[in-house]
Amino acid sequence: MLMRTTALLGLAGIVLAGCSSSGTSSTNGMIADGTTVDVVLMETTDIHQNVLSYDYYKLADNPSFGLERTATLIKQARSQYANTLLLDDGDLIQGTALGDYQAVIKPVTCSQTLAVHKVMNYLKYDAGTIGNHEFNYGLPFLSQVTNTNFRLNGVTAPSNCGAPNYPQVLANVSNLADKQPIFTPFSILKRTFSGKAPDGSTVTVPVNVGVIGFTPPTIMDWDKANLSNRVYTDGLVETANKYLPQMRAQGADLVVALSHGGLDPSSYSPTMENGSWHLTKTGIDALMIGHSHDIFPNPGVASSQFNNMTGVDNTKGLVNSIPTVMAGNWGNRLGLIHVTLKFTGGKWVVQKDKSSVETRSTKNADGSYVAADPNVSALVSAEHQGTIDYVKTPIGSTDFRMNTYFALLGDVSAVQIVNMAQQDYVQKYIQTNLPQYQSLPVLSVSAPFKAGRNGASDFTDVQAGSIAINNAADLYLYPNTVQAVKVSGADILNWLETSAKMFNTINPASSAPQDLINNNYQVFNFDVMYGVQYQIDVTKAPGSRIVNATYNGAPINPAQQFIVATNNYRASGGGNFPGIDGTKTIIQSPDANRDVLISYIKAKGTLNRASYGATRSWSFVPVSAAGPVRFKTVANQIAAAALAGITVSKNSDNNDGTWTYLVDLSH
Ligand code: MG
Ligand code: MN
């Protein structure tokens, strides 16, 4: 423990640094003023249960993701640098069939440890935070698998349950009853690092690294059923302002914020989803971010959302001069923040001009991937096999291929079946439980959740033939539950306008190439509405693109009432659709959308395209563009587009499993 008395601060040159009982320093408790220590903070984020390089939807190996390969990058960095810390930024326990298998199908017992946590313990993480998706399976499950007592009525306090053996920090989610954070808000990691004395000799010195965690306050909307009346969230800045002084008082020499959220430089709100940008003004020394599944810094990439962002240096990895990293998703990158501390006037001072930030890909320059750490698959082989056996359970068959390669151009082959299942469920629910709404039309929305957000492997593709659980999980990615809202025709039009933000505004007079897709809009917010007809005019500005919207052949009456089947995320405000904020929800079903889909396919037996995959509710208003309009999706899929009635041609090969296609919008 460093001593910080006024007397010591007054000494010049050599400062007595160790208490008599400390003994952590090989320099007999002495740290020379001017001693420096280089620390490398390593980040993983948004692992989403991708422990192995295996796609449980396709039942195939896929080397482009998986913590078993990040493990190799971690090993390399540890051999390269003397002083490292390994930190995780959350969204860990949900995201693949392995997550569902261990949470819902065959829930881990207290004596067991989640597969992903086992691997993280093996990799010797130093700390981690909690992402929004950690809350998807409910608080009792999260309490057990993290071995953390949330102090909630009806939730048994876990006793020595299998869990991460590193500190799990989260400062801005608190128990409504006792007003205290449900996790440890921060942790002071007392480390012994190798430093360099002014005389050039190598010295061993103690450094205290404070780690604090944050999650998006919007979890209260997204997981309302799991969280409301039990916990509440605080804003990131208010929370940082509360705890940072405590962290400094407890000796933190370096404060690292693990913020599961992206960068949003718009004005601060305590409920904003991506508030990490504002944390850089609270006195932290380094920032690790995530949630938006992006890469930061991402120099030289023209499409990066961080290129012209206020206060952001997308080359150096600085946000308002604070070193910041975001390491992609699914284990495809390792983030590294290099910081240098200098012992000055009796304390460690972060050398602001000496930091650097990088991310390292598991993909090598030649297109191959770093090898997997063989110890990882051995650790989780039973869970892996159990998941494969589970997802192979047959549920029906299809005589057509259902994919999302062209879902953003109107192909509904993988979306319509979800909408039909949701509509059927809600219609039956209303007949049984809500007869007062029987006269209202029931529409449904669903989005192509897997439409390339995370690269070429991130698309739904169910081949003709038998359908098993893995295919249902491919068709419906998230562990959402069915909800329904009662809305007006005006709400419907606003809903469709919001979805239409998926597209850039196309200038038909321009002869230059134009990209059709707005990469700042998330595919999971591209709701395709079933039960109405509409067109999208991409030559118009966002907000005025929906034309010819009809129900039953007549223009949608803004005053008419409708029921829309959707999920808990959308119904309670996810995606910020105007007026869809939880106040219009009439059904909050406990049933998962995916289970509703599975039941529906089981009931139908065999699916054909004409009945279950060809009812396109929307199309583009024809545009005769002077120049090419570009669209990126998986390579070699011109035939799949043609089957859905969409005409595209190859423009270029992006050499990452995708092609850029040219879209004919003229008819
Ligand atoms: Mg997230
Ligand atoms: Mn995530």
# chains A, B, ... in the order shown; residues from 1 in each chain; ligands from 1

$ closest_atom_pairs --of "chain A" --to "ligand 2" --cutoff "6 Å" --atoms "only C-alpha atoms and all ligand atoms" --output "tab-separated table"
residue	atom	partner	partner_atom_place_in_ligand_line	distance
A:Asp46	CA	ligand 2	1 (Mn)	4.6
A:Asp91	CA	ligand 2	1 (Mn)	5.0
A:His291	CA	ligand 2	1 (Mn)	4.3

$ write_last_selection --atoms "C-alpha atoms" --output "mmCIF file, in the first residue's frame"
data_model
loop_
_atom_site.group_PDB
_atom_site.id
_atom_site.type_symbol
_atom_site.label_atom_id
_atom_site.label_comp_id
_atom_site.auth_asym_id
_atom_site.auth_seq_id
_atom_site.Cartn_x
_atom_site.Cartn_y
_atom_site.Cartn_z
ATOM 1 C CA ASP A 46 -19.807 -8.944 -26.778
ATOM 2 C CA ASP A 91 -22.858 -9.400 -23.328
ATOM 3 C CA HIS A 291 -22.531 -3.102 -27.240
#

$ residues_near_ligand --ligand "ligand 1" --cutoff "8 Å" --atoms "only C-alpha atoms and all ligand atoms" --output "number ranges by chain"
A: 46, 90-91, 131-133, 216, 260-261, 290-292

$ write_last_selection --atoms "N, CA and C atoms" --output "CSV table (one decimal), in the first residue's frame"
chain,number,residue,atom,x,y,z
A,46,ASP,N,-18.7,-8.4,-26.0
A,46,ASP,CA,-19.8,-8.9,-26.8
A,46,ASP,C,-19.4,-10.3,-27.3
A,90,GLY,N,-18.8,-7.3,-21.3
A,90,GLY,CA,-20.2,-7.8,-21.1
A,90,GLY,C,-20.9,-8.2,-22.4
A,91,ASP,N,-22.1,-8.6,-22.3
A,91,ASP,CA,-22.9,-9.4,-23.3
A,91,ASP,C,-22.1,-10.7,-23.6
A,131,GLY,N,-23.3,-6.9,-19.4
A,131,GLY,CA,-24.0,-6.2,-20.5
A,131,GLY,C,-25.5,-6.3,-20.4
A,132,ASN,N,-26.2,-5.7,-21.3
A,132,ASN,CA,-27.6,-5.7,-21.3
A,132,ASN,C,-28.1,-7.2,-21.5
A,133,HIS,N,-27.5,-7.9,-22.3
A,133,HIS,CA,-28.0,-9.3,-22.6
A,133,HIS,C,-27.8,-10.2,-21.4
A,216,PRO,N,-26.2,-0.3,-20.2
A,216,PRO,CA,-27.1,0.7,-20.7
A,216,PRO,C,-28.4,0.8,-19.8
A,260,HIS,N,-20.4,-1.0,-21.0
A,260,HIS,CA,-21.1,-1.8,-22.1
A,260,HIS,C,-22.1,-0.8,-22.8
A,261,GLY,N,-21.5,-0.1,-23.8
A,261,GLY,CA,-22.3,0.9,-24.5
A,261,GLY,C,-21.4,1.5,-25.6
A,290,GLY,N,-18.3,-1.2,-25.8
A,290,GLY,CA,-18.9,-2.4,-26.6
A,290,GLY,C,-20.3,-2.1,-26.9
A,291,HIS,N,-21.1,-3.2,-27.0
A,291,HIS,CA,-22.5,-3.1,-27.2
A,291,HIS,C,-22.9,-2.8,-28.7
A,292,SER,N,-22.2,-1.9,-29.4
A,292,SER,CA,-22.6,-1.6,-30.7
A,292,SER,C,-21.9,-2.5,-31.8

$ residues_around --residues "segment 181-189 of chain A" --least-positions-apart "3" --cutoff "6 Å" --atoms "only C-alpha atoms" --output "PyMOL selection string"
chain A and resi 150+169-171+173-175+208-212

$ closest_residue --among "A:Ala382, A:Asp88, A:Ser276, A:Asn576" --to "Ala327 of chain A" --atoms "only C-alpha atoms"
A:Asp88

$ residues_around --residues "Asn507 of chain A" --least-positions-apart "6" --cutoff "10 Å" --atoms "only C-alpha atoms" --output "VMD selection string"
chain A and resid 514 538 to 540 623 to 627 629

$ write_last_selection --atoms "N, CA and C atoms" --output "PDB file, in the first residue's frame"
ATOM      1  N   GLN A 514     -23.920   4.768 -55.306  1.00  0.00           N
ATOM      2  CA  GLN A 514     -24.560   5.096 -54.030  1.00  0.00           C
ATOM      3  C   GLN A 514     -24.862   3.808 -53.273  1.00  0.00           C
ATOM      4  N   VAL A 538     -37.005   5.587 -51.551  1.00  0.00           N
ATOM      5  CA  VAL A 538     -35.680   5.890 -51.008  1.00  0.00           C
ATOM      6  C   VAL A 538     -35.102   7.187 -51.579  1.00  0.00           C
ATOM      7  N   THR A 539     -35.808   7.825 -52.497  1.00  0.00           N
ATOM      8  CA  THR A 539     -35.338   9.141 -52.967  1.00  0.00           C
ATOM      9  C   THR A 539     -35.787  10.249 -52.022  1.00  0.00           C
ATOM     10  N   LYS A 540     -36.675   9.917 -51.087  1.00  0.00           N
ATOM     11  CA  LYS A 540     -37.167  10.916 -50.136  1.00  0.00           C
ATOM     12  C   LYS A 540     -36.348  10.863 -48.839  1.00  0.00           C
ATOM     13  N   VAL A 623     -37.233   3.395 -58.945  1.00  0.00           N
ATOM     14  CA  VAL A 623     -36.316   4.531 -59.102  1.00  0.00           C
ATOM     15  C   VAL A 623     -35.438   4.255 -60.318  1.00  0.00           C
ATOM     16  N   SER A 624     -35.381   5.212 -61.221  1.00  0.00           N
ATOM     17  CA  SER A 624     -34.436   5.083 -62.330  1.00  0.00           C
ATOM     18  C   SER A 624     -33.208   5.920 -61.987  1.00  0.00           C
ATOM     19  N   ALA A 625     -32.238   5.266 -61.358  1.00  0.00           N
ATOM     20  CA  ALA A 625     -31.044   5.995 -60.920  1.00  0.00           C
ATOM     21  C   ALA A 625     -30.042   6.082 -62.068  1.00  0.00           C
ATOM     22  N   ALA A 626     -29.445   7.255 -62.208  1.00  0.00           N
ATOM     23  CA  ALA A 626     -28.464   7.453 -63.274  1.00  0.00           C
ATOM     24  C   ALA A 626     -27.213   6.610 -63.024  1.00  0.00           C
ATOM     25  N   GLY A 627     -26.852   6.445 -61.758  1.00  0.00           N
ATOM     26  CA  GLY A 627     -25.649   5.684 -61.414  1.00  0.00           C
ATOM     27  C   GLY A 627     -25.998   4.392 -60.701  1.00  0.00           C
ATOM     28  N   VAL A 629     -26.555   1.622 -57.829  1.00  0.00           N
ATOM     29  CA  VAL A 629     -26.956   1.559 -56.427  1.00  0.00           C
ATOM     30  C   VAL A 629     -26.419   0.244 -55.875  1.00  0.00           C
TER      31      VAL A 629
END

$ select_by_dssp --residues "segment 169-251 of chain A" --states "strand (DSSP E or B)" --output "MDAnalysis selection string"
chainID A and resid 169 173:175 181 184 186:196 202:214 231:233

$ write_last_selection --atoms "N, CA, C and O atoms" --output "compact mmCIF listing (two decimals), in the first residue's frame"
# COMPACT_ATOMS: atom_id res chain seq x y z
N VAL A 169 -17.97 -6.29 -11.99
CA VAL A 169 -18.31 -4.95 -11.50
C VAL A 169 -19.42 -4.33 -12.33
O VAL A 169 -19.44 -4.42 -13.55
N VAL A 173 -26.73 -0.42 -11.71
CA VAL A 173 -27.98 -1.16 -11.55
C VAL A 173 -28.12 -1.50 -10.07
O VAL A 173 -27.25 -2.16 -9.49
N SER A 174 -29.21 -1.01 -9.46
CA SER A 174 -29.36 -1.14 -8.02
C SER A 174 -30.67 -1.80 -7.63
O SER A 174 -31.66 -1.77 -8.36
N ASN A 175 -30.64 -2.39 -6.46
CA ASN A 175 -31.80 -3.02 -5.85
C ASN A 175 -32.78 -1.93 -5.40
O ASN A 175 -32.40 -1.00 -4.67
N PRO A 181 -26.14 -1.08 -5.35
CA PRO A 181 -25.89 -1.84 -6.57
C PRO A 181 -26.00 -3.35 -6.34
O PRO A 181 -25.59 -3.86 -5.28
N THR A 184 -20.96 -5.70 -7.19
CA THR A 184 -19.93 -4.79 -6.68
C THR A 184 -19.76 -3.67 -7.70
O THR A 184 -19.53 -3.94 -8.88
N PHE A 186 -17.39 -1.39 -8.10
CA PHE A 186 -16.02 -1.28 -8.64
C PHE A 186 -15.10 -2.18 -7.84
O PHE A 186 -15.47 -2.66 -6.76
N SER A 187 -13.93 -2.39 -8.40
CA SER A 187 -12.95 -3.21 -7.70
C SER A 187 -11.59 -2.54 -7.87
O SER A 187 -11.29 -1.98 -8.92
N ILE A 188 -10.80 -2.60 -6.82
CA ILE A 188 -9.42 -2.08 -6.91
C ILE A 188 -8.51 -3.29 -7.03
O ILE A 188 -8.37 -4.07 -6.08
N LEU A 189 -7.93 -3.48 -8.20
CA LEU A 189 -7.05 -4.62 -8.44
C LEU A 189 -5.64 -4.22 -8.04
O LEU A 189 -5.04 -3.33 -8.63
N LYS A 190 -5.13 -4.87 -7.02
CA LYS A 190 -3.79 -4.55 -6.53
C LYS A 190 -2.80 -5.45 -7.25
O LYS A 190 -2.77 -6.65 -7.02
N ARG A 191 -2.02 -4.85 -8.11
CA ARG A 191 -1.12 -5.63 -8.94
C ARG A 191 0.34 -5.25 -8.68
O ARG A 191 0.63 -4.12 -8.28
N THR A 192 1.20 -6.21 -8.91
CA THR A 192 2.63 -5.96 -8.84
C THR A 192 3.16 -5.99 -10.27
O THR A 192 3.05 -7.00 -10.95
N PHE A 193 3.66 -4.86 -10.71
CA PHE A 193 4.09 -4.75 -12.09
C PHE A 193 5.60 -4.53 -12.18
O PHE A 193 6.24 -4.12 -11.20
N SER A 194 6.10 -4.79 -13.35
CA SER A 194 7.51 -4.55 -13.63
C SER A 194 7.68 -3.16 -14.23
O SER A 194 7.02 -2.82 -15.21
N GLY A 195 8.54 -2.34 -13.61
CA GLY A 195 8.74 -0.98 -14.07
C GLY A 195 10.20 -0.69 -14.33
O GLY A 195 11.07 -1.57 -14.19
N LYS A 196 10.41 0.53 -14.73
CA LYS A 196 11.80 0.92 -15.03
C LYS A 196 12.16 2.14 -14.18
O LYS A 196 11.50 3.18 -14.26
N THR A 202 15.44 -2.52 -13.80
CA THR A 202 14.08 -3.04 -13.73
C THR A 202 13.68 -3.18 -12.27
O THR A 202 14.45 -3.72 -11.47
N VAL A 203 12.52 -2.67 -11.94
CA VAL A 203 12.05 -2.73 -10.56
C VAL A 203 10.64 -3.31 -10.53
O VAL A 203 9.92 -3.28 -11.52
N THR A 204 10.28 -3.86 -9.39
CA THR A 204 8.94 -4.41 -9.20
C THR A 204 8.15 -3.45 -8.32
O THR A 204 8.61 -3.10 -7.24
N VAL A 205 7.02 -3.04 -8.83
CA VAL A 205 6.30 -1.96 -8.13
C VAL A 205 4.82 -2.30 -8.00
O VAL A 205 4.25 -2.98 -8.84
N PRO A 206 4.18 -1.82 -6.92
CA PRO A 206 2.75 -2.03 -6.79
C PRO A 206 1.96 -0.93 -7.51
O PRO A 206 2.30 0.24 -7.41
N VAL A 207 0.93 -1.34 -8.24
CA VAL A 207 0.03 -0.39 -8.90
C VAL A 207 -1.40 -0.85 -8.64
O VAL A 207 -1.71 -2.04 -8.78
N ASN A 208 -2.25 0.07 -8.25
CA ASN A 208 -3.66 -0.25 -8.01
C ASN A 208 -4.50 0.19 -9.20
O ASN A 208 -4.57 1.37 -9.52
N VAL A 209 -5.13 -0.79 -9.85
CA VAL A 209 -5.97 -0.49 -11.01
C VAL A 209 -7.43 -0.58 -10.56
O VAL A 209 -7.91 -1.64 -10.16
N GLY A 210 -8.12 0.55 -10.63
CA GLY A 210 -9.54 0.57 -10.29
C GLY A 210 -10.38 0.28 -11.52
O GLY A 210 -10.16 0.86 -12.58
N VAL A 211 -11.33 -0.66 -11.39
CA VAL A 211 -12.18 -1.03 -12.52
C VAL A 211 -13.62 -0.84 -12.10
O VAL A 211 -14.06 -1.37 -11.07
N ILE A 212 -14.38 -0.06 -12.89
CA ILE A 212 -15.79 0.20 -12.60
C ILE A 212 -16.62 -0.18 -13.83
O ILE A 212 -16.12 -0.05 -14.96
N GLY A 213 -17.85 -0.68 -13.61
CA GLY A 213 -18.66 -1.17 -14.73
C GLY A 213 -19.98 -0.43 -14.89
O GLY A 213 -20.56 0.06 -13.92
N PHE A 214 -20.41 -0.36 -16.17
CA PHE A 214 -21.68 0.31 -16.51
C PHE A 214 -22.41 -0.51 -17.57
O PHE A 214 -21.78 -1.08 -18.46
N VAL A 231 -35.29 -3.81 -9.67
CA VAL A 231 -34.05 -3.02 -9.74
C VAL A 231 -34.32 -1.74 -10.51
O VAL A 231 -35.37 -1.59 -11.14
N TYR A 232 -33.39 -0.81 -10.45
CA TYR A 232 -33.46 0.40 -11.26
C TYR A 232 -32.05 0.74 -11.75
O TYR A 232 -31.06 0.20 -11.23
N THR A 233 -31.99 1.61 -12.75
CA THR A 233 -30.68 2.01 -13.27
C THR A 233 -30.44 3.49 -13.01
O THR A 233 -31.37 4.29 -12.92

$ closest_residue --among "A:His338, A:Arg69, A:Arg570, A:Lys501" --to "Asp285 of chain A" --atoms "only C-alpha atoms"
A:His338

$ closest_residue --among "A:Gln436, A:Asn608, A:Leu263, A:Ala451" --to "Gly396 of chain A" --atoms "only C-alpha atoms"
A:Asn608

$ residues_around --residues "Asn557 of chain A" --least-positions-apart "3" --cutoff "12 Å" --atoms "only C-alpha atoms" --output "PyMOL selection string"
chain A and resi 487-493+532+548-554+560-562

$ write_last_selection --atoms "N, CA, C and O atoms" --output "compact mmCIF listing (two decimals), in the first residue's frame"
# COMPACT_ATOMS: atom_id res chain seq x y z
N VAL A 487 -52.42 0.03 -31.47
CA VAL A 487 -51.95 1.30 -32.02
C VAL A 487 -52.92 1.81 -33.08
O VAL A 487 -53.78 1.07 -33.57
N SER A 488 -52.73 3.08 -33.44
CA SER A 488 -53.56 3.68 -34.49
C SER A 488 -52.89 3.52 -35.85
O SER A 488 -51.69 3.20 -35.94
N GLY A 489 -53.66 3.81 -36.90
CA GLY A 489 -53.09 3.82 -38.24
C GLY A 489 -51.94 4.82 -38.34
O GLY A 489 -50.96 4.58 -39.05
N ALA A 490 -52.06 5.94 -37.62
CA ALA A 490 -50.98 6.93 -37.63
C ALA A 490 -49.71 6.34 -37.01
O ALA A 490 -48.60 6.56 -37.51
N ASP A 491 -49.88 5.57 -35.92
CA ASP A 491 -48.72 4.90 -35.32
C ASP A 491 -48.08 3.92 -36.30
O ASP A 491 -46.84 3.79 -36.37
N ILE A 492 -48.92 3.23 -37.05
CA ILE A 492 -48.42 2.27 -38.05
C ILE A 492 -47.52 2.97 -39.06
O ILE A 492 -46.43 2.51 -39.39
N LEU A 493 -48.00 4.12 -39.54
CA LEU A 493 -47.23 4.86 -40.56
C LEU A 493 -45.91 5.35 -39.98
O LEU A 493 -44.86 5.27 -40.64
N VAL A 532 -50.32 -5.65 -43.91
CA VAL A 532 -50.57 -4.41 -44.64
C VAL A 532 -49.68 -4.44 -45.89
O VAL A 532 -48.84 -5.33 -46.06
N ASN A 548 -48.35 4.71 -50.47
CA ASN A 548 -49.28 3.64 -50.86
C ASN A 548 -49.46 2.59 -49.76
O ASN A 548 -49.52 1.39 -50.03
N ALA A 549 -49.54 3.06 -48.51
CA ALA A 549 -49.75 2.12 -47.40
C ALA A 549 -51.24 1.78 -47.31
O ALA A 549 -52.07 2.67 -47.15
N THR A 550 -51.52 0.50 -47.45
CA THR A 550 -52.93 0.08 -47.48
C THR A 550 -53.17 -1.08 -46.51
O THR A 550 -52.27 -1.86 -46.21
N TYR A 551 -54.41 -1.14 -46.05
CA TYR A 551 -54.90 -2.31 -45.32
C TYR A 551 -56.18 -2.77 -46.00
O TYR A 551 -57.08 -1.95 -46.23
N ASN A 552 -56.23 -4.03 -46.36
CA ASN A 552 -57.40 -4.57 -47.06
C ASN A 552 -57.71 -3.80 -48.33
O ASN A 552 -58.88 -3.56 -48.66
N GLY A 553 -56.68 -3.32 -49.00
CA GLY A 553 -56.86 -2.65 -50.28
C GLY A 553 -57.20 -1.17 -50.19
O GLY A 553 -57.27 -0.49 -51.21
N ALA A 554 -57.40 -0.65 -48.99
CA ALA A 554 -57.75 0.76 -48.84
C ALA A 554 -56.64 1.47 -48.07
O ALA A 554 -55.96 0.85 -47.25
N GLN A 560 -57.80 4.56 -37.50
CA GLN A 560 -58.21 3.18 -37.25
C GLN A 560 -57.30 2.52 -36.21
O GLN A 560 -56.11 2.81 -36.12
N GLN A 561 -57.86 1.60 -35.42
CA GLN A 561 -57.08 0.90 -34.41
C GLN A 561 -56.63 -0.47 -34.94
O GLN A 561 -57.38 -1.16 -35.65
N PHE A 562 -55.41 -0.83 -34.59
CA PHE A 562 -54.84 -2.13 -34.97
C PHE A 562 -54.16 -2.75 -33.75
O PHE A 562 -53.71 -2.05 -32.85

$ closest_residue --among "A:Gln535, A:Gln144, A:Thr282, A:Thr460" --to "Asp474 of chain A" --atoms "only C-alpha atoms"
A:Thr460

$ select_by_dssp --residues "segment 608-654 of chain A" --states "helix (DSSP H, G or I)" --output "ChimeraX atom specification"
/A:609-612,638-643

$ residues_around --residues "segment 98-105 of chain A" --least-positions-apart "5" --cutoff "10 Å" --atoms "only C-alpha atoms" --output "PyMOL selection string"
chain A and resi 48-52+56+92-93+113-116+136-138+141-142+145+383-388+390-391+473+478-479

$ closest_residue --among "A:Val155, A:Ala447, A:Val237, A:Leu477" --to "Tyr57 of chain A" --atoms "only C-alpha atoms"
A:Leu477

$ atom_distance --atom1 "atom CA of Ser666 of chain A" --atom2 "atom CA of Leu643 of chain A"
18.5 Å

$ closest_residue --among "A:Gly455, A:Pro622, A:Pro217, A:Gly573" --to "His293 of chain A" --atoms "only C-alpha atoms"
A:Gly455

$ residues_around --residues "Ser619 of chain A" --least-positions-apart "4" --cutoff "8 Å" --atoms "only C-alpha atoms" --output "list in words"
Leu409, Gly410, Tyr534, Gln535 and Ile536 of chain A

$ atom_distance --atom1 "atom CA of Asn470 of chain A" --atom2 "atom CA of Asp61 of chain A"
14.2 Å

$ decode --residues "segment 252-266 of chain A" --atoms "N, CA, C and O atoms" --output "PDB file, in the first residue's frame"
ATOM      1  N   ALA A 252      -6.919   3.873  -6.043  1.00  0.00           N
ATOM      2  CA  ALA A 252      -6.810   3.588  -7.479  1.00  0.00           C
ATOM      3  C   ALA A 252      -5.819   4.544  -8.134  1.00  0.00           C
ATOM      4  O   ALA A 252      -6.002   5.755  -8.104  1.00  0.00           O
ATOM      5  N   ASP A 253      -4.752   3.979  -8.697  1.00  0.00           N
ATOM      6  CA  ASP A 253      -3.770   4.795  -9.419  1.00  0.00           C
ATOM      7  C   ASP A 253      -4.214   5.031 -10.861  1.00  0.00           C
ATOM      8  O   ASP A 253      -3.830   5.998 -11.502  1.00  0.00           O
ATOM      9  N   LEU A 254      -4.997   4.080 -11.364  1.00  0.00           N
ATOM     10  CA  LEU A 254      -5.461   4.107 -12.750  1.00  0.00           C
ATOM     11  C   LEU A 254      -6.926   3.676 -12.701  1.00  0.00           C
ATOM     12  O   LEU A 254      -7.228   2.631 -12.130  1.00  0.00           O
ATOM     13  N   VAL A 255      -7.819   4.481 -13.266  1.00  0.00           N
ATOM     14  CA  VAL A 255      -9.240   4.115 -13.242  1.00  0.00           C
ATOM     15  C   VAL A 255      -9.673   3.732 -14.656  1.00  0.00           C
ATOM     16  O   VAL A 255      -9.585   4.527 -15.594  1.00  0.00           O
ATOM     17  N   VAL A 256     -10.133   2.480 -14.793  1.00  0.00           N
ATOM     18  CA  VAL A 256     -10.593   1.962 -16.076  1.00  0.00           C
ATOM     19  C   VAL A 256     -12.106   1.776 -15.995  1.00  0.00           C
ATOM     20  O   VAL A 256     -12.607   1.112 -15.091  1.00  0.00           O
ATOM     21  N   ALA A 257     -12.829   2.394 -16.933  1.00  0.00           N
ATOM     22  CA  ALA A 257     -14.277   2.197 -16.994  1.00  0.00           C
ATOM     23  C   ALA A 257     -14.592   1.122 -18.020  1.00  0.00           C
ATOM     24  O   ALA A 257     -14.170   1.211 -19.176  1.00  0.00           O
ATOM     25  N   LEU A 258     -15.304   0.079 -17.571  1.00  0.00           N
ATOM     26  CA  LEU A 258     -15.834  -0.928 -18.487  1.00  0.00           C
ATOM     27  C   LEU A 258     -17.273  -0.533 -18.751  1.00  0.00           C
ATOM     28  O   LEU A 258     -18.143  -0.730 -17.910  1.00  0.00           O
ATOM     29  N   SER A 259     -17.505   0.070 -19.900  1.00  0.00           N
ATOM     30  CA  SER A 259     -18.840   0.581 -20.186  1.00  0.00           C
ATOM     31  C   SER A 259     -19.443  -0.201 -21.340  1.00  0.00           C
ATOM     32  O   SER A 259     -19.005  -0.073 -22.489  1.00  0.00           O
ATOM     33  N   HIS A 260     -20.432  -1.035 -21.020  1.00  0.00           N
ATOM     34  CA  HIS A 260     -21.099  -1.772 -22.086  1.00  0.00           C
ATOM     35  C   HIS A 260     -22.052  -0.817 -22.804  1.00  0.00           C
ATOM     36  O   HIS A 260     -23.224  -0.715 -22.475  1.00  0.00           O
ATOM     37  N   GLY A 261     -21.513  -0.091 -23.754  1.00  0.00           N
ATOM     38  CA  GLY A 261     -22.287   0.885 -24.519  1.00  0.00           C
ATOM     39  C   GLY A 261     -21.365   1.481 -25.554  1.00  0.00           C
ATOM     40  O   GLY A 261     -20.146   1.477 -25.393  1.00  0.00           O
ATOM     41  N   GLY A 262     -21.942   2.003 -26.605  1.00  0.00           N
ATOM     42  CA  GLY A 262     -21.154   2.606 -27.662  1.00  0.00           C
ATOM     43  C   GLY A 262     -20.939   4.084 -27.419  1.00  0.00           C
ATOM     44  O   GLY A 262     -21.069   4.576 -26.293  1.00  0.00           O
ATOM     45  N   LEU A 263     -20.564   4.791 -28.486  1.00  0.00           N
ATOM     46  CA  LEU A 263     -20.274   6.221 -28.396  1.00  0.00           C
ATOM     47  C   LEU A 263     -21.406   7.025 -29.025  1.00  0.00           C
ATOM     48  O   LEU A 263     -21.728   6.831 -30.188  1.00  0.00           O
ATOM     49  N   ASP A 264     -21.972   7.917 -28.257  1.00  0.00           N
ATOM     50  CA  ASP A 264     -23.025   8.807 -28.757  1.00  0.00           C
ATOM     51  C   ASP A 264     -22.731  10.206 -28.228  1.00  0.00           C
ATOM     52  O   ASP A 264     -22.920  10.486 -27.048  1.00  0.00           O
ATOM     53  N   PRO A 265     -22.232  11.090 -29.123  1.00  0.00           N
ATOM     54  CA  PRO A 265     -21.828  12.415 -28.655  1.00  0.00           C
ATOM     55  C   PRO A 265     -22.993  13.393 -28.490  1.00  0.00           C
ATOM     56  O   PRO A 265     -22.754  14.552 -28.126  1.00  0.00           O
ATOM     57  N   SER A 266     -24.214  12.942 -28.731  1.00  0.00           N
ATOM     58  CA  SER A 266     -25.328  13.875 -28.539  1.00  0.00           C
ATOM     59  C   SER A 266     -25.476  14.197 -27.056  1.00  0.00           C
ATOM     60  O   SER A 266     -24.883  13.544 -26.208  1.00  0.00           O
TER      61      SER A 266
END
